[in-house]
>>> print(open('coords-v6.cif').read())   # mmCIF, C-alpha atoms
data_target
loop_
_atom_site.label_atom_id
_atom_site.label_comp_id
_atom_site.auth_asym_id
_atom_site.auth_seq_id
_atom_site.Cartn_x
_atom_site.Cartn_y
_atom_site.Cartn_z
CA MET A 6 -11.99 -22.20 -15.75
CA THR A 7 -8.65 -20.57 -16.48
CA ALA A 8 -5.72 -22.92 -16.91
CA PRO A 9 -3.38 -23.09 -13.89
CA GLY A 10 -0.62 -20.51 -13.94
CA ARG A 11 -2.01 -18.57 -16.89
CA GLY A 12 -4.55 -16.25 -15.27
CA ALA A 13 -6.78 -13.79 -17.07
CA PRO A 14 -5.26 -12.08 -20.15
CA PRO A 15 -3.61 -8.74 -19.35
CA GLY A 16 -4.40 -5.41 -20.88
CA GLY A 17 -8.08 -4.84 -20.21
CA SER A 18 -9.81 -7.99 -21.45
CA GLY A 19 -12.69 -8.11 -19.04
CA ARG A 20 -10.84 -9.14 -15.92
CA ARG A 21 -12.85 -9.27 -12.72
CA VAL A 22 -11.32 -6.80 -10.24
CA LEU A 23 -12.11 -5.81 -6.65
CA VAL A 24 -10.42 -2.71 -5.17
CA THR A 25 -10.58 -1.86 -1.48
CA GLY A 26 -10.53 1.80 -0.47
CA GLY A 27 -11.85 2.49 -3.96
CA ALA A 28 -13.91 5.62 -3.26
CA SER A 29 -11.05 8.13 -3.14
CA GLY A 30 -7.32 8.68 -3.65
CA LEU A 31 -5.27 5.98 -5.32
CA GLY A 32 -8.10 3.48 -4.92
CA ALA A 33 -10.46 5.63 -6.98
CA ALA A 34 -7.76 6.20 -9.60
CA LEU A 35 -7.17 2.45 -9.85
CA VAL A 36 -10.90 1.78 -10.18
CA SER A 37 -11.14 4.29 -13.04
CA ALA A 38 -8.01 2.94 -14.76
CA PHE A 39 -9.20 -0.67 -14.65
CA ALA A 40 -12.70 0.28 -15.81
CA ALA A 41 -11.40 2.43 -18.67
CA ARG A 42 -9.69 -0.64 -20.13
CA GLY A 43 -12.82 -2.76 -20.10
CA ASP A 44 -12.24 -4.65 -16.87
CA ARG A 45 -15.23 -5.43 -14.67
CA VAL A 46 -14.67 -3.65 -11.37
CA ILE A 47 -16.15 -3.52 -7.89
CA ALA A 48 -15.01 -0.66 -5.67
CA THR A 49 -15.32 -1.01 -1.91
CA ASP A 50 -15.11 1.53 0.88
CA LEU A 51 -16.57 2.41 4.28
CA ALA A 52 -19.58 4.43 3.10
CA ALA A 53 -22.91 2.64 2.93
CA ASP A 54 -23.72 4.13 -0.49
CA ALA A 55 -21.66 4.31 -3.64
CA PRO A 56 -19.95 7.67 -4.29
CA ASP A 57 -21.22 9.72 -7.22
CA THR A 58 -17.72 9.76 -8.71
CA LEU A 59 -17.62 6.05 -9.61
CA PRO A 60 -17.39 5.41 -13.37
CA ASP A 61 -20.45 4.00 -15.10
CA GLY A 62 -20.73 0.25 -14.79
CA VAL A 63 -18.54 -0.04 -11.69
CA GLY A 64 -20.14 -1.92 -8.79
CA TYR A 65 -19.87 -0.91 -5.17
CA LEU A 66 -19.78 -2.70 -1.83
CA CYS A 67 -19.52 -1.34 1.69
CA LEU A 68 -16.43 -3.07 3.10
CA ASP A 69 -14.61 -2.34 6.33
CA VAL A 70 -11.27 -4.13 5.91
CA THR A 71 -11.13 -4.76 9.65
CA SER A 72 -14.39 -6.77 9.53
CA ASP A 73 -14.27 -10.53 8.91
CA ASP A 74 -18.01 -10.47 8.14
CA ASP A 75 -17.58 -7.77 5.49
CA TRP A 76 -14.81 -9.76 3.82
CA ALA A 77 -16.96 -12.90 3.80
CA SER A 78 -19.80 -10.90 2.19
CA ALA A 79 -17.43 -9.56 -0.48
CA LEU A 80 -16.30 -13.08 -1.34
CA ALA A 81 -19.89 -14.31 -1.55
CA HIS A 82 -20.81 -11.33 -3.74
CA VAL A 83 -18.12 -11.90 -6.38
CA GLU A 84 -18.79 -15.63 -6.44
CA GLU A 85 -22.49 -15.01 -7.02
CA ARG A 86 -22.02 -12.16 -9.51
CA TRP A 87 -18.94 -13.32 -11.42
CA ARG A 88 -18.30 -16.88 -10.25
CA GLY A 89 -14.77 -15.86 -9.36
CA LEU A 90 -12.23 -13.03 -9.29
CA ASP A 91 -9.09 -12.29 -11.27
CA VAL A 92 -7.49 -9.38 -9.36
CA LEU A 93 -7.83 -8.37 -5.70
CA VAL A 94 -6.31 -4.96 -4.94
CA ASN A 95 -5.73 -4.52 -1.21
CA ASN A 96 -5.45 -0.74 -1.28
CA ALA A 97 -7.37 0.58 1.75
CA GLY A 98 -5.19 2.24 4.36
CA ILE A 99 -4.52 5.28 6.50
CA ALA A 100 -1.55 7.60 6.82
CA ALA A 101 0.40 8.02 10.04
CA GLY A 102 3.52 9.64 11.38
CA GLY A 103 5.03 10.34 14.73
CA ARG A 104 7.99 10.03 17.06
CA ILE A 105 8.36 6.76 18.96
CA ASP A 106 8.00 8.46 22.34
CA VAL A 107 4.92 10.42 21.28
CA LEU A 108 2.81 7.83 19.45
CA THR A 109 0.51 5.87 21.73
CA VAL A 110 0.02 2.12 21.73
CA GLU A 111 -3.51 2.81 20.50
CA ASP A 112 -2.02 4.65 17.49
CA TRP A 113 0.00 1.51 16.74
CA ARG A 114 -3.03 -0.76 17.14
CA ARG A 115 -5.16 1.34 14.77
CA ILE A 116 -2.68 1.48 11.92
CA THR A 117 -1.77 -2.19 12.30
CA GLU A 118 -5.41 -3.28 12.24
CA ILE A 119 -6.15 -1.31 9.06
CA ASN A 120 -2.92 -1.23 7.06
CA LEU A 121 -1.61 -4.70 7.89
CA PHE A 122 -4.46 -6.90 9.04
CA GLY A 123 -6.75 -5.38 6.40
CA VAL A 124 -4.36 -6.78 3.77
CA VAL A 125 -3.95 -10.08 5.63
CA ARG A 126 -7.71 -10.56 5.79
CA GLY A 127 -8.13 -9.92 2.08
CA CYS A 128 -5.38 -12.37 1.17
CA ARG A 129 -6.72 -15.05 3.53
CA VAL A 130 -10.30 -14.77 2.31
CA PHE A 131 -9.59 -14.84 -1.43
CA THR A 132 -6.64 -17.25 -1.57
CA PRO A 133 -8.85 -20.40 -1.38
CA LEU A 134 -10.88 -19.09 -4.35
CA PHE A 135 -7.71 -18.35 -6.33
CA LYS A 136 -6.38 -21.82 -5.57
CA ARG A 137 -9.59 -23.44 -6.80
CA GLN A 138 -9.45 -21.37 -9.98
CA GLY A 139 -5.78 -22.09 -10.55
CA SER A 140 -5.33 -18.37 -11.19
CA GLY A 141 -5.62 -14.94 -9.60
CA HIS A 142 -3.54 -11.89 -8.78
CA LEU A 143 -3.11 -10.38 -5.32
CA VAL A 144 -2.03 -6.73 -5.53
CA ASN A 145 -1.07 -5.36 -2.11
CA VAL A 146 -0.53 -1.61 -1.88
CA ALA A 147 2.31 -0.90 0.54
CA SER A 148 4.52 2.18 0.24
CA MET A 149 8.09 3.20 -0.38
CA ALA A 150 8.13 3.32 3.44
CA GLY A 151 8.02 -0.47 3.30
CA LEU A 152 11.45 -0.50 1.62
CA VAL A 153 13.19 2.58 3.02
CA HIS A 154 12.50 3.76 6.53
CA PRO A 155 12.64 7.49 7.26
CA PRO A 156 12.68 8.72 10.86
CA VAL A 157 9.52 9.76 12.76
CA MET A 158 7.40 7.28 10.79
CA SER A 159 7.96 4.14 12.87
CA SER A 160 4.40 2.79 12.92
CA TYR A 161 3.79 3.47 9.22
CA ASN A 162 7.19 2.08 8.21
CA ALA A 163 6.67 -1.05 10.29
CA VAL A 164 3.26 -1.99 8.90
CA LYS A 165 4.22 -1.22 5.31
CA ALA A 166 7.40 -3.29 5.66
CA ALA A 167 5.21 -6.09 6.96
CA VAL A 168 3.00 -5.83 3.86
CA VAL A 169 6.12 -6.10 1.68
CA ALA A 170 7.27 -9.17 3.62
CA LEU A 171 3.81 -10.75 3.43
CA SER A 172 3.67 -10.16 -0.32
CA GLU A 173 7.11 -11.63 -0.95
CA THR A 174 6.14 -14.68 1.09
CA LEU A 175 2.94 -15.16 -0.91
CA GLN A 176 4.79 -14.69 -4.21
CA HIS A 177 6.60 -17.95 -3.48
CA GLU A 178 3.91 -19.74 -1.48
CA LEU A 179 1.11 -19.29 -4.02
CA ALA A 180 3.08 -19.54 -7.28
CA PRO A 181 2.64 -23.35 -7.45
CA TYR A 182 -1.14 -22.73 -7.56
CA GLY A 183 -0.94 -20.29 -10.47
CA VAL A 184 -1.50 -17.27 -8.24
CA THR A 185 0.53 -14.09 -8.77
CA THR A 186 1.35 -11.61 -6.00
CA SER A 187 2.55 -8.02 -6.45
CA VAL A 188 3.34 -5.34 -3.89
CA VAL A 189 3.04 -1.67 -4.86
CA CYS A 190 5.50 0.78 -3.28
CA PRO A 191 4.79 4.38 -4.31
CA SER A 192 6.50 7.44 -2.88
CA PHE A 193 4.55 10.58 -1.96
CA PHE A 194 1.91 11.62 -4.51
CA ARG A 195 -1.03 14.05 -4.45
CA THR A 196 -3.99 12.39 -2.76
CA ASN A 197 -6.43 12.85 0.10
CA LEU A 198 -4.50 10.32 2.23
CA ALA A 199 -3.36 13.17 4.46
CA SER A 200 -6.96 13.53 5.65
CA SER A 201 -6.64 10.20 7.48
CA LEU A 202 -3.82 11.48 9.69
CA SER A 203 -5.11 11.36 13.23
CA GLY A 204 -2.25 10.26 15.44
CA SER A 205 -0.76 11.74 18.59
CA ASP A 206 2.06 13.72 16.96
CA PRO A 207 0.48 16.51 14.86
CA GLU A 208 3.74 18.46 14.60
CA VAL A 209 5.35 15.63 12.66
CA GLU A 210 2.21 14.81 10.69
CA ALA A 211 2.22 18.34 9.32
CA SER A 212 5.47 17.51 7.51
CA ALA A 213 3.82 14.52 5.84
CA VAL A 214 0.97 16.73 4.66
CA ARG A 215 3.45 19.12 3.04
CA LEU A 216 5.23 16.25 1.26
CA ILE A 217 1.96 14.79 -0.03
CA ASP A 218 0.56 18.12 -1.19
CA GLY A 219 3.87 19.17 -2.73
CA SER A 220 4.37 16.10 -4.90
CA ARG A 221 4.33 16.45 -8.68
CA LEU A 222 2.78 13.00 -9.12
CA SER A 223 -0.99 12.59 -9.23
CA ALA A 224 -2.95 9.53 -8.16
CA ASP A 225 -3.96 8.94 -11.79
CA GLU A 226 -0.32 8.84 -12.89
CA VAL A 227 0.55 6.38 -10.12
CA ALA A 228 -2.47 4.22 -11.01
CA ALA A 229 -1.39 4.00 -14.66
CA ARG A 230 2.06 2.80 -13.60
CA VAL A 231 0.53 0.29 -11.20
CA LEU A 232 -1.56 -1.22 -14.00
CA ARG A 233 1.51 -1.59 -16.20
CA GLY A 234 3.24 -3.44 -13.37
CA VAL A 235 0.21 -5.65 -12.83
CA ASP A 236 0.03 -6.49 -16.55
CA ARG A 237 3.69 -7.52 -16.44
CA ARG A 238 3.17 -9.48 -13.21
CA ARG A 239 5.98 -7.64 -11.47
CA PRO A 240 6.52 -8.82 -7.90
CA VAL A 241 7.50 -5.30 -6.74
CA ILE A 242 5.96 -2.30 -8.48
CA LEU A 243 7.90 0.94 -8.01
CA THR A 244 5.96 3.88 -9.40
CA ASP A 245 8.43 6.76 -9.49
CA ARG A 246 12.07 7.72 -9.92
CA ALA A 247 12.45 9.01 -6.36
CA GLY A 248 11.51 5.62 -4.99
CA ARG A 249 13.85 3.73 -7.27
CA THR A 250 16.69 6.09 -6.34
CA ALA A 251 16.04 5.62 -2.62
CA VAL A 252 16.02 1.84 -2.91
CA ARG A 253 19.29 1.83 -4.88
CA ALA A 254 20.91 4.24 -2.43
CA LYS A 255 19.98 2.05 0.54
CA ARG A 256 21.37 -1.02 -1.19
CA TRP A 257 24.52 0.33 -2.83
CA LEU A 258 25.32 3.65 -1.13
CA ARG A 259 24.41 2.90 2.48
CA PRO A 260 26.62 5.57 4.14
CA LEU A 261 25.02 8.29 2.01
CA TYR A 262 21.56 6.86 2.69
CA ASP A 263 22.19 6.81 6.45
CA ARG A 264 23.53 10.37 6.34
CA ALA A 265 20.43 11.58 4.50
CA MET A 266 18.07 9.88 6.96
CA ARG A 267 19.92 11.30 9.95
CA GLY A 268 19.73 14.71 8.33
CA VAL A 269 15.97 14.36 8.15
CA ALA A 270 15.85 13.34 11.82
CA GLU A 271 17.99 16.31 12.83
CA GLY A 272 15.74 18.66 10.89
CA VAL A 273 12.71 17.31 12.71
CA ARG A 274 14.48 17.69 16.09
CA ARG A 275 15.32 21.32 15.40
CA ARG A 276 11.78 22.09 14.31
CA VAL A 277 9.72 20.32 16.98
CA ASP A 278 12.18 20.33 19.89
CA PRO A 279 14.48 23.34 19.35
CA THR A 280 15.50 23.63 23.00
CA SER A 281 17.10 20.19 23.14
CA THR A 282 20.84 19.85 22.69
CA ALA A 283 22.18 17.27 20.26
CA PRO A 284 25.03 15.11 21.61
CA ASP A 285 28.49 15.71 20.23
CA HIS A 286 29.55 12.71 18.13
CA THR A 287 32.66 14.32 16.74
CA THR A 288 35.03 12.84 19.33
CA GLU A 289 35.47 9.09 19.30
CA LYS A 290 35.80 7.25 22.55
CA ALA A 291 39.05 5.45 23.24
#
>>> encode(input="coords-v6.cif", output="structure tokens")
Amino acid sequence: MTAPGRGAPPGGSGRRVLVTGGASGLGAALVSAFAARGDRVIATDLAADAPDTLPDGVGYLCLDVTSDDDWASALAHVEERWRGLDVLVNNAGIAAGGRIDVLTVEDWRRITEINLFGVVRGCRVFTPLFKRQGSGHLVNVASMAGLVHPPVMSSYNAVKAAVVALSETLQHELAPYGVTTSVVCPSFFRTNLASSLSGSDPEVEASAVRLIDGSRLSADEVAARVLRGVDRRRPVILTDRAGRTAVRAKRWLRPLYDRAMRGVAEGVRRRVDPTSTAPDHTTEKA
């Protein structure tokens, strides 16, 4: 058993890792990056069978992150196969965008069940194991949208901010048990996440697709930066310069940040609702 507070050695020394949403996108890149360093990895996803793209030696489980039974099976599997786990990566999620008056309550329920409660379930199921071990690392994949909140992304921003808050809470709550918690907050990068867009505001979602497809960052590059952050046990892992700039602007240059966000909102209004008339805010009321 690993000594409390020390955890498995970093840097690819045979850690036991489970990655949700590991069949594609960032999840697949993380699976490959962990495996390439010699870590023992299980990828999970919705398909019944393992994808052909998994690296040699990587295990696979069918896991729906909204299913309590699937999570219980995953826990039983790693306990039987490995007698424990060193790193749980809660990565599975869907993309979403939309204006507050266009998104339906069902849109909100779907993204909350997957992007928030999927992470909550993973943390709840594996925390007792980590406590017994006296070690373990929860890695929750949120988004830059959890730290800065652009317009027309209310549901996505809200659930990702909740994942950030959950992770910060667990950083403090589980530290006395030797358990580390990190939250990953990447900006847009090239991935198939756009394929999960299925909300009620396709005009706005088209903008998200353009941002994802137009990014210079690949999922493999983001995964490499995530692993460095995990090795260093960083509580918040920012993967790109754009994200770090946005966070600093919100904290230290708030008027400029607000102006930029309102500019984005005005651009959306002109594109999707060109016949509306913006109110005149140039004259202050007495």
>>> residues_near_point(input="coords-v6.cif", point="(3.0, 2.6, 8.1)", cutoff="7 Å", atoms="all atoms listed in the file", output="list in words")
Ala100, Ala101, Ile116, Ala150, Met158, Ser160, Tyr161, Asn162, Ala163, Val164 and Lys165 of chain A
>>> atom_distance(input="coords-v6.cif", atom1="atom CA of A:Met149", atom2="atom CA of A:Val70")
21.6 Å
>>> axis_aligned_box(input="coords-v6.cif", around="stretch 151-158 of chain A", padding_each_side="6 Å", output="AutoDock Vina command-line options")
--center_x 10.3 --center_y 4.6 --center_z 7.2 --size_x 17.8 --size_y 22.3 --size_z 23.1
>>> closest_residue(input="coords-v6.cif", among="A:Leu243, A:Leu23, A:Val125, A:Leu171", to="A:Gly141", atoms="all atoms listed in the file")
A:Leu23
>>> closest_residue(input="coords-v6.cif", among="A:Trp76, A:Tyr65, A:Phe131, A:Trp257", to="A:Asp50", atoms="only C-alpha atoms")
A:Tyr65
>>> decode(input="coords-v6.cif", residues="stretch 79-95 of chain A", atoms="N, CA and C atoms", output="PDB file, in the first residue's frame")
ATOM      1  N   ALA A  79     -17.183  -0.468 -12.894  1.00  0.00           N
ATOM      2  CA  ALA A  79     -15.817   0.010 -13.138  1.00  0.00           C
ATOM      3  C   ALA A  79     -14.967  -0.095 -11.881  1.00  0.00           C
ATOM      4  N   LEU A  80     -15.546   0.270 -10.746  1.00  0.00           N
ATOM      5  CA  LEU A  80     -14.822   0.155  -9.481  1.00  0.00           C
ATOM      6  C   LEU A  80     -14.469  -1.305  -9.192  1.00  0.00           C
ATOM      7  N   ALA A  81     -15.439  -2.187  -9.355  1.00  0.00           N
ATOM      8  CA  ALA A  81     -15.190  -3.608  -9.104  1.00  0.00           C
ATOM      9  C   ALA A  81     -14.107  -4.143 -10.043  1.00  0.00           C
ATOM     10  N   HIS A  82     -14.109  -3.670 -11.292  1.00  0.00           N
ATOM     11  CA  HIS A  82     -13.135  -4.145 -12.275  1.00  0.00           C
ATOM     12  C   HIS A  82     -11.710  -3.763 -11.877  1.00  0.00           C
ATOM     13  N   VAL A  83     -11.486  -2.501 -11.508  1.00  0.00           N
ATOM     14  CA  VAL A  83     -10.119  -2.089 -11.178  1.00  0.00           C
ATOM     15  C   VAL A  83      -9.665  -2.718  -9.863  1.00  0.00           C
ATOM     16  N   GLU A  84     -10.590  -2.939  -8.944  1.00  0.00           N
ATOM     17  CA  GLU A  84     -10.196  -3.599  -7.702  1.00  0.00           C
ATOM     18  C   GLU A  84      -9.799  -5.052  -7.947  1.00  0.00           C
ATOM     19  N   GLU A  85     -10.525  -5.718  -8.846  1.00  0.00           N
ATOM     20  CA  GLU A  85     -10.192  -7.108  -9.161  1.00  0.00           C
ATOM     21  C   GLU A  85      -8.919  -7.208  -9.990  1.00  0.00           C
ATOM     22  N   ARG A  86      -8.770  -6.295 -10.962  1.00  0.00           N
ATOM     23  CA  ARG A  86      -7.632  -6.381 -11.890  1.00  0.00           C
ATOM     24  C   ARG A  86      -6.354  -5.825 -11.279  1.00  0.00           C
ATOM     25  N   TRP A  87      -6.468  -4.689 -10.596  1.00  0.00           N
ATOM     26  CA  TRP A  87      -5.284  -3.982 -10.118  1.00  0.00           C
ATOM     27  C   TRP A  87      -5.199  -3.853  -8.594  1.00  0.00           C
ATOM     28  N   ARG A  88      -6.277  -4.189  -7.924  1.00  0.00           N
ATOM     29  CA  ARG A  88      -6.368  -4.006  -6.469  1.00  0.00           C
ATOM     30  C   ARG A  88      -6.278  -2.535  -6.067  1.00  0.00           C
ATOM     31  N   GLY A  89      -6.693  -1.663  -6.948  1.00  0.00           N
ATOM     32  CA  GLY A  89      -6.695  -0.239  -6.637  1.00  0.00           C
ATOM     33  C   GLY A  89      -6.593   0.601  -7.891  1.00  0.00           C
ATOM     34  N   LEU A  90      -6.453   1.904  -7.704  1.00  0.00           N
ATOM     35  CA  LEU A  90      -6.341   2.858  -8.812  1.00  0.00           C
ATOM     36  C   LEU A  90      -5.525   4.041  -8.330  1.00  0.00           C
ATOM     37  N   ASP A  91      -4.704   4.588  -9.230  1.00  0.00           N
ATOM     38  CA  ASP A  91      -3.882   5.749  -8.874  1.00  0.00           C
ATOM     39  C   ASP A  91      -4.437   7.053  -9.431  1.00  0.00           C
ATOM     40  N   VAL A  92      -5.003   7.012 -10.643  1.00  0.00           N
ATOM     41  CA  VAL A  92      -5.494   8.239 -11.292  1.00  0.00           C
ATOM     42  C   VAL A  92      -6.845   7.957 -11.935  1.00  0.00           C
ATOM     43  N   LEU A  93      -7.860   8.740 -11.574  1.00  0.00           N
ATOM     44  CA  LEU A  93      -9.153   8.712 -12.254  1.00  0.00           C
ATOM     45  C   LEU A  93      -9.292  10.008 -13.035  1.00  0.00           C
ATOM     46  N   VAL A  94      -9.451   9.894 -14.355  1.00  0.00           N
ATOM     47  CA  VAL A  94      -9.635  11.069 -15.206  1.00  0.00           C
ATOM     48  C   VAL A  94     -11.102  11.134 -15.627  1.00  0.00           C
ATOM     49  N   ASN A  95     -11.832  12.070 -15.045  1.00  0.00           N
ATOM     50  CA  ASN A  95     -13.234  12.299 -15.406  1.00  0.00           C
ATOM     51  C   ASN A  95     -13.272  13.234 -16.611  1.00  0.00           C
TER      52      ASN A  95
END
